[in-house]
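Comments concern the structure below.
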Amino acid sequence: MQALDLDVRNATYERFVALGRAPTIREVAAATGRDGDAVRASWRRLHDAHALVLSPGTDELRMANPFSAVPTAYRVHARERWWYANCAWDAFGVCAALHADGRIETSCPDCGEPLAIEVRDGRPDREDLLFHCLVPAARWWEDIVFT
Amino acid sequence: MNLFRSEEHVARWLGDRPPGATIGAALLCELAHAWWGDRLAPDWRPRTRDANQAILDGLGLTGPFWRLPLPAS
């Protein structure tokens, strides 16, 4: 990964956390001192390298994993802010990435029962819930949004 | 990649689809911290496929289901 793309990638994540939402190309351009076309090209290379995910057919962020740029069924409260995560794994990942305690809220996909987990010092407060991964690891990136 | 109340709920949700892999919330939390803990580090670098596989293996997530694809040669 070239230095330009690392710089853009790191600025994208820094802006995401600072703003509490996905940054725009313009915001990342301002943060890195580059023009929008350079950031757009970097984002496309980073998407191809699985370092972030763009919405299909657009130059808009869909994921800066574990963070989601769009609302999902996995909400995480950490660092006094609500975040969306891409999946259950990423919901715990938001706490991990922020190095913060947090509260995960979602619902059972089967019955719709609301579920909440507190994460304290890297541990969940309940261990009865189960994580199911439908897609094998070899195919996670074939369709990362579905995965 | 979802959280469920129990195995019964996983099975009902799956219906006729073949199951994937199921692990407990504690192991998932451990996996998430190993996988995503470096994501905001200023010196972050892309992790290799082998390094990612080592995280899975180290947590006992072994077997064909958890094998990451080999890089295209």
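Every chain in the structure tokens has a letter given in the order shown (A, B, ...), and although residue numbers restart at 1 in each chain, ligands are simply numbered from 1 in the order shown.
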Produce a table with one row for each residue of chain A that has an atom at most 9 Å from any atom of chain B, each row naming the nearest atom pair and its distance in Å at one decimal; use only C-alpha atoms; arrange rows by chain and rising residue number; format as a tab-separated table.
residue	atom	partner	partner_atom	distance
A:Met1	CA	B:Pro46	CA	7.8
A:Leu6	CA	B:Arg45	CA	7.7
A:Asn10	CA	B:Pro42	CA	6.8
A:Tyr13	CA	B:Leu40	CA	6.7
A:Glu14	CA	B:Leu40	CA	7.2
A:Val17	CA	B:Leu40	CA	8.9
A:Ala49	CA	B:Pro46	CA	8.9
A:Ala51	CA	B:Pro46	CA	7.4
A:Asn65	CA	B:Trp36	CA	8.2
A:Pro66	CA	B:Trp36	CA	7.1
A:Asn86	CA	B:Met1	CA	8.8
A:Cys87	CA	B:Met1	CA	5.5
A:Ala88	CA	B:Asn2	CA	5.2
A:Trp89	CA	B:Ala32	CA	6.0
A:Asp90	CA	B:Ala32	CA	6.9
A:Ala91	CA	B:Ala32	CA	8.3
A:Phe92	CA	B:Cys29	CA	5.7
A:Gly93	CA	B:Ala32	CA	4.8
A:Val94	CA	B:Trp36	CA	7.7
A:Cys95	CA	B:His33	CA	7.9
A:Ala96	CA	B:His33	CA	4.7
A:Ala97	CA	B:Gly37	CA	4.6
A:Leu98	CA	B:Leu40	CA	7.3
A:His99	CA	B:Gly37	CA	7.1
A:Thr106	CA	B:Leu3	CA	8.1
A:Ser107	CA	B:Leu3	CA	7.7
A:Cys108	CA	B:Phe4	CA	4.9
A:Pro109	CA	B:Phe4	CA	6.7
A:Asp110	CA	B:Trp13	CA	5.0
A:Cys111	CA	B:His9	CA	7.4
A:Glu113	CA	B:Arg5	CA	8.2
A:Leu115	CA	B:Arg5	CA	8.1
A:Val119	CA	B:Cys29	CA	8.4
A:Gly122	CA	B:Cys29	CA	7.1
A:Arg123	CA	B:Cys29	CA	6.6
A:Pro124	CA	B:Ala26	CA	6.1
A:Asp125	CA	B:Ala26	CA	8.8
A:Arg126	CA	B:Ala25	CA	7.5
A:Glu127	CA	B:Ala25	CA	5.2
A:Asp128	CA	B:Ala25	CA	7.0
A:Leu129	CA	B:Arg5	CA	5.1
A:Leu130	CA	B:Gly24	CA	4.7
A:Phe131	CA	B:Leu3	CA	4.6
A:His132	CA	B:Thr22	CA	4.4
A:Cys133	CA	B:Met1	CA	4.6
A:Leu134	CA	B:Gly20	CA	4.2
A:Val135	CA	B:Gly20	CA	6.1
A:Pro136	CA	B:Phe65	CA	4.9
A:Ala137	CA	B:Leu68	CA	5.1
A:Ala138	CA	B:Pro69	CA	4.6
A:Arg139	CA	B:Pro69	CA	7.5
A:Trp140	CA	B:Leu68	CA	8.5
A:Phe146	CA	B:Met1	CA	8.9
A:Thr147	CA	B:Met1	CA	6.5
Go ahead and save the picked residues with N, CA and C atoms, as a compact mmCIF listing (two decimals), in the first residue's frame.
# COMPACT_ATOMS: atom_id res chain seq x y z
N MET A 1 0.85 -1.19 0.00
CA MET A 1 0.00 0.00 0.00
C MET A 1 0.89 1.24 0.00
N LEU A 6 -2.11 5.19 2.47
CA LEU A 6 -2.08 5.05 3.93
C LEU A 6 -2.47 6.36 4.60
N ASN A 10 -5.70 6.69 6.89
CA ASN A 10 -5.63 7.09 8.30
C ASN A 10 -6.44 8.35 8.56
N TYR A 13 -10.18 7.42 8.74
CA TYR A 13 -10.56 6.86 10.04
C TYR A 13 -10.53 7.94 11.13
N GLU A 14 -9.54 8.80 11.09
CA GLU A 14 -9.45 9.85 12.12
C GLU A 14 -10.65 10.76 12.03
N VAL A 17 -13.95 9.07 13.32
CA VAL A 17 -14.08 9.05 14.78
C VAL A 17 -14.31 10.46 15.32
N ALA A 49 -8.31 -2.91 -2.02
CA ALA A 49 -7.42 -3.60 -1.09
C ALA A 49 -8.14 -4.06 0.18
N ALA A 51 -9.40 -2.26 2.46
CA ALA A 51 -9.03 -1.41 3.61
C ALA A 51 -10.19 -0.52 4.01
N ASN A 65 -14.41 -0.30 8.33
CA ASN A 65 -14.58 -1.40 9.27
C ASN A 65 -13.76 -1.17 10.55
N PRO A 66 -14.35 -1.34 11.69
CA PRO A 66 -15.66 -1.94 11.98
C PRO A 66 -16.84 -0.96 11.94
N ASN A 86 -21.08 -2.83 11.32
CA ASN A 86 -21.55 -3.58 10.15
C ASN A 86 -22.19 -4.91 10.49
N CYS A 87 -21.83 -5.46 11.64
CA CYS A 87 -22.33 -6.77 12.03
C CYS A 87 -22.01 -6.97 13.51
N ALA A 88 -22.31 -8.15 14.03
CA ALA A 88 -22.06 -8.41 15.45
C ALA A 88 -20.56 -8.37 15.76
N TRP A 89 -19.78 -8.96 14.89
CA TRP A 89 -18.32 -8.95 15.08
C TRP A 89 -17.83 -7.51 15.15
N ASP A 90 -18.29 -6.70 14.21
CA ASP A 90 -17.85 -5.31 14.17
C ASP A 90 -18.39 -4.50 15.34
N ALA A 91 -19.52 -4.89 15.88
CA ALA A 91 -20.06 -4.16 17.03
C ALA A 91 -19.07 -4.24 18.21
N PHE A 92 -18.58 -5.43 18.47
CA PHE A 92 -17.52 -5.55 19.48
C PHE A 92 -16.26 -4.84 19.00
N GLY A 93 -16.07 -4.84 17.68
CA GLY A 93 -14.90 -4.20 17.11
C GLY A 93 -14.88 -2.70 17.31
N VAL A 94 -16.04 -2.07 17.37
CA VAL A 94 -16.09 -0.63 17.63
C VAL A 94 -15.48 -0.33 19.00
N CYS A 95 -15.87 -1.12 19.99
CA CYS A 95 -15.27 -0.95 21.34
C CYS A 95 -13.76 -1.22 21.27
N ALA A 96 -13.38 -2.25 20.51
CA ALA A 96 -11.96 -2.60 20.41
C ALA A 96 -11.17 -1.49 19.73
N ALA A 97 -11.69 -0.97 18.63
CA ALA A 97 -10.98 0.06 17.88
C ALA A 97 -10.85 1.35 18.69
N LEU A 98 -11.90 1.66 19.43
CA LEU A 98 -11.89 2.89 20.24
C LEU A 98 -11.17 2.69 21.58
N HIS A 99 -10.85 1.44 21.89
CA HIS A 99 -10.26 1.10 23.19
C HIS A 99 -11.13 1.69 24.31
N THR A 106 -28.92 -4.55 19.76
CA THR A 106 -29.38 -5.13 18.52
C THR A 106 -30.63 -5.94 18.84
N SER A 107 -31.01 -6.85 17.95
CA SER A 107 -32.13 -7.73 18.24
C SER A 107 -31.84 -9.09 17.61
N CYS A 108 -32.44 -10.11 18.18
CA CYS A 108 -32.26 -11.46 17.64
C CYS A 108 -32.88 -11.51 16.24
N PRO A 109 -32.12 -11.90 15.23
CA PRO A 109 -32.67 -11.93 13.87
C PRO A 109 -33.81 -12.92 13.71
N ASP A 110 -33.89 -13.88 14.61
CA ASP A 110 -34.95 -14.88 14.52
C ASP A 110 -36.26 -14.36 15.08
N CYS A 111 -36.22 -13.86 16.32
CA CYS A 111 -37.48 -13.53 17.00
C CYS A 111 -37.68 -12.03 17.23
N GLU A 113 -36.35 -10.22 19.51
CA GLU A 113 -36.15 -9.82 20.91
C GLU A 113 -34.97 -8.85 21.02
N LEU A 115 -31.69 -7.18 22.24
CA LEU A 115 -30.52 -7.71 22.94
C LEU A 115 -29.59 -6.56 23.27
N VAL A 119 -19.89 -4.01 27.29
CA VAL A 119 -18.50 -4.45 27.18
C VAL A 119 -17.68 -3.61 28.14
N GLY A 122 -12.89 -4.99 27.89
CA GLY A 122 -12.70 -6.00 26.86
C GLY A 122 -13.47 -7.28 27.05
N ARG A 123 -14.43 -7.27 27.98
CA ARG A 123 -15.22 -8.48 28.24
C ARG A 123 -16.70 -8.16 28.18
N PRO A 124 -17.51 -9.06 27.61
CA PRO A 124 -18.96 -8.84 27.60
C PRO A 124 -19.57 -9.20 28.95
N ASP A 125 -20.67 -8.54 29.28
CA ASP A 125 -21.29 -8.81 30.58
C ASP A 125 -22.23 -10.01 30.53
N ARG A 126 -22.40 -10.57 29.35
CA ARG A 126 -23.20 -11.80 29.26
C ARG A 126 -22.59 -12.70 28.20
N GLU A 127 -22.62 -13.96 28.47
CA GLU A 127 -21.97 -14.92 27.57
C GLU A 127 -22.98 -15.91 27.01
N ASP A 128 -24.27 -15.64 27.25
CA ASP A 128 -25.28 -16.58 26.79
C ASP A 128 -25.60 -16.41 25.31
N LEU A 129 -25.31 -15.24 24.77
CA LEU A 129 -25.65 -15.00 23.37
C LEU A 129 -24.67 -15.70 22.45
N LEU A 130 -25.16 -16.05 21.25
CA LEU A 130 -24.35 -16.78 20.29
C LEU A 130 -24.17 -15.96 19.02
N PHE A 131 -22.99 -16.05 18.47
CA PHE A 131 -22.66 -15.40 17.21
C PHE A 131 -22.66 -16.46 16.12
N HIS A 132 -23.44 -16.20 15.08
CA HIS A 132 -23.44 -17.14 13.96
C HIS A 132 -22.91 -16.45 12.71
N CYS A 133 -21.93 -17.10 12.11
CA CYS A 133 -21.32 -16.60 10.87
C CYS A 133 -21.75 -17.55 9.75
N LEU A 134 -22.51 -17.04 8.83
CA LEU A 134 -23.09 -17.90 7.79
C LEU A 134 -22.09 -18.21 6.67
N VAL A 135 -21.26 -17.23 6.33
CA VAL A 135 -20.39 -17.35 5.16
C VAL A 135 -18.99 -17.79 5.59
N PRO A 136 -18.42 -18.79 4.94
CA PRO A 136 -17.05 -19.22 5.30
C PRO A 136 -16.03 -18.12 5.03
N ALA A 137 -14.93 -18.15 5.79
CA ALA A 137 -13.91 -17.10 5.69
C ALA A 137 -13.39 -16.92 4.27
N ALA A 138 -13.31 -17.99 3.54
CA ALA A 138 -12.77 -17.90 2.18
C ALA A 138 -13.63 -17.03 1.27
N ARG A 139 -14.90 -16.80 1.68
CA ARG A 139 -15.81 -16.05 0.80
C ARG A 139 -16.29 -14.75 1.41
N TRP A 140 -15.68 -14.33 2.53
CA TRP A 140 -16.16 -13.12 3.20
C TRP A 140 -16.17 -11.91 2.27
N PHE A 146 -23.16 -8.49 2.33
CA PHE A 146 -23.97 -9.65 2.72
C PHE A 146 -23.32 -10.39 3.88
N THR A 147 -21.99 -10.57 3.79
CA THR A 147 -21.27 -11.28 4.85
C THR A 147 -21.55 -10.64 6.20
- Hey, what's within 6 Å of Tyr84 of chain A if we count only C-alpha atoms and toss same-chain stuff fewer than 5 positions away? As JSON, numbers by chain, please? {"A": [68, 71, 72, 74, 75]}
- Query: How many Å separate atom CA of Asp35 of chain A from atom CA of Leu4 of chain A?
  - Reply: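 It comes out at 12.0 Å.
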- Task: Rounded to one decimal place, report the atom CA of Ala116 of chain A-atom CA of Ala100 of chain A distance in Å.
- Result: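 Separation between atom CA of Ala116 of chain A and atom CA of Ala100 of chain A: 16.5 Å.
The closest residue to Ile117 of chain A, picked from A:Ala85, A:Val76, A:Val28, A:Val8 and counting only C-alpha atoms, is A:Val76.
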- Task: Going by DSSP on the backbone, which bits of segment 58-96 of chain A are alpha helix (DSSP H)? Write them as an MDAnalysis selection string, please.
- Result: chainID A and resid 88:96
Dump as a short mmCIF file (atom, residue, chain, number, x, y, z; two decimals), in the first residue's frame, selection limited to N, CA and C atoms:
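So result-v8.cif came out as:
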data_model
loop_
_atom_site.label_atom_id
_atom_site.label_comp_id
_atom_site.auth_asym_id
_atom_site.auth_seq_id
_atom_site.Cartn_x
_atom_site.Cartn_y
_atom_site.Cartn_z
N ALA A 88 -22.31 -8.15 14.03
CA ALA A 88 -22.06 -8.41 15.45
C ALA A 88 -20.56 -8.37 15.76
N TRP A 89 -19.78 -8.96 14.89
CA TRP A 89 -18.32 -8.95 15.08
C TRP A 89 -17.83 -7.51 15.15
N ASP A 90 -18.29 -6.70 14.21
CA ASP A 90 -17.85 -5.31 14.17
C ASP A 90 -18.39 -4.50 15.34
N ALA A 91 -19.52 -4.89 15.88
CA ALA A 91 -20.06 -4.16 17.03
C ALA A 91 -19.07 -4.24 18.21
N PHE A 92 -18.58 -5.43 18.47
CA PHE A 92 -17.52 -5.55 19.48
C PHE A 92 -16.26 -4.84 19.00
N GLY A 93 -16.07 -4.84 17.68
CA GLY A 93 -14.90 -4.20 17.11
C GLY A 93 -14.88 -2.70 17.31
N VAL A 94 -16.04 -2.07 17.37
CA VAL A 94 -16.09 -0.63 17.63
C VAL A 94 -15.48 -0.33 19.00
N CYS A 95 -15.87 -1.12 19.99
CA CYS A 95 -15.27 -0.95 21.34
C CYS A 95 -13.76 -1.22 21.27
N ALA A 96 -13.38 -2.25 20.51
CA ALA A 96 -11.96 -2.60 20.41
C ALA A 96 -11.17 -1.49 19.73
#
- Write out as a ChimeraX atom specification the residues lying within 10 Å of Val70 of chain A, counting only C-alpha atoms and excluding same-chain residues fewer than 6 positions away. /A:21-22,55,61-63,83-86
- Query: Could you pull out all residues of segment 3-144 of chain A with a DSSP call of strand (DSSP E or B) and give them as a PyMOL selection string?
  - Reply: chain A and resi 53-54+61-64+67-68+74-78+81-85+102-107+114-120+123-124+130-133
Kindly save the residues from that selection, with C-alpha atoms included, as a JSON list (two decimals), in the first residue's frame.
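Written file, part-v8.json:
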[["chain", "number", "residue", "atom", "x", "y", "z"],
["A", 53, "VAL", "CA", -15.67, -0.26, 1.51],
["A", 54, "LEU", "CA", -17.41, 2.11, -0.90],
["A", 61, "LEU", "CA", -18.02, 5.34, 2.16],
["A", 62, "ARG", "CA", -20.13, 2.36, 3.19],
["A", 63, "MET", "CA", -17.74, 0.90, 5.76],
["A", 64, "ALA", "CA", -14.58, 1.94, 7.52],
["A", 67, "PHE", "CA", -17.65, 1.30, 11.62],
["A", 68, "SER", "CA", -20.62, 1.51, 9.28],
["A", 74, "TYR", "CA", -25.96, -3.05, 15.36],
["A", 75, "ARG", "CA", -25.71, 0.13, 17.43],
["A", 76, "VAL", "CA", -22.84, 0.73, 19.80],
["A", 77, "HIS", "CA", -22.61, 3.40, 22.48],
["A", 78, "ALA", "CA", -18.99, 4.21, 23.26],
["A", 81, "ARG", "CA", -21.58, 8.62, 21.14],
["A", 82, "TRP", "CA", -23.69, 6.15, 19.20],
["A", 83, "TRP", "CA", -22.08, 4.32, 16.30],
["A", 84, "TYR", "CA", -23.33, 1.85, 13.75],
["A", 85, "ALA", "CA", -21.37, -1.36, 13.21],
["A", 102, "GLY", "CA", -19.43, 0.29, 25.38],
["A", 103, "ARG", "CA", -22.98, -0.93, 25.06],
["A", 104, "ILE", "CA", -24.13, -2.94, 22.06],
["A", 105, "GLU", "CA", -27.80, -2.93, 21.14],
["A", 106, "THR", "CA", -29.38, -5.13, 18.52],
["A", 107, "SER", "CA", -32.13, -7.73, 18.24],
["A", 114, "PRO", "CA", -34.03, -6.78, 21.83],
["A", 115, "LEU", "CA", -30.52, -7.71, 22.94],
["A", 116, "ALA", "CA", -28.06, -5.55, 24.84],
["A", 117, "ILE", "CA", -24.52, -6.30, 25.90],
["A", 118, "GLU", "CA", -22.20, -4.17, 27.98],
["A", 119, "VAL", "CA", -18.50, -4.45, 27.18],
["A", 120, "ARG", "CA", -16.24, -3.60, 30.10],
["A", 123, "ARG", "CA", -15.22, -8.48, 28.24],
["A", 124, "PRO", "CA", -18.96, -8.84, 27.60],
["A", 130, "LEU", "CA", -24.35, -16.78, 20.29],
["A", 131, "PHE", "CA", -22.66, -15.40, 17.21],
["A", 132, "HIS", "CA", -23.44, -17.14, 13.96],
["A", 133, "CYS", "CA", -21.32, -16.60, 10.87]]
- Rounded to one decimal place, report the atom CA of Ala30 of chain A-atom CA of Pro56 of chain A distance in Å.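 Answer for the atom CA of Ala30 of chain A to atom CA of Pro56 of chain A separation: 24.4 Å.
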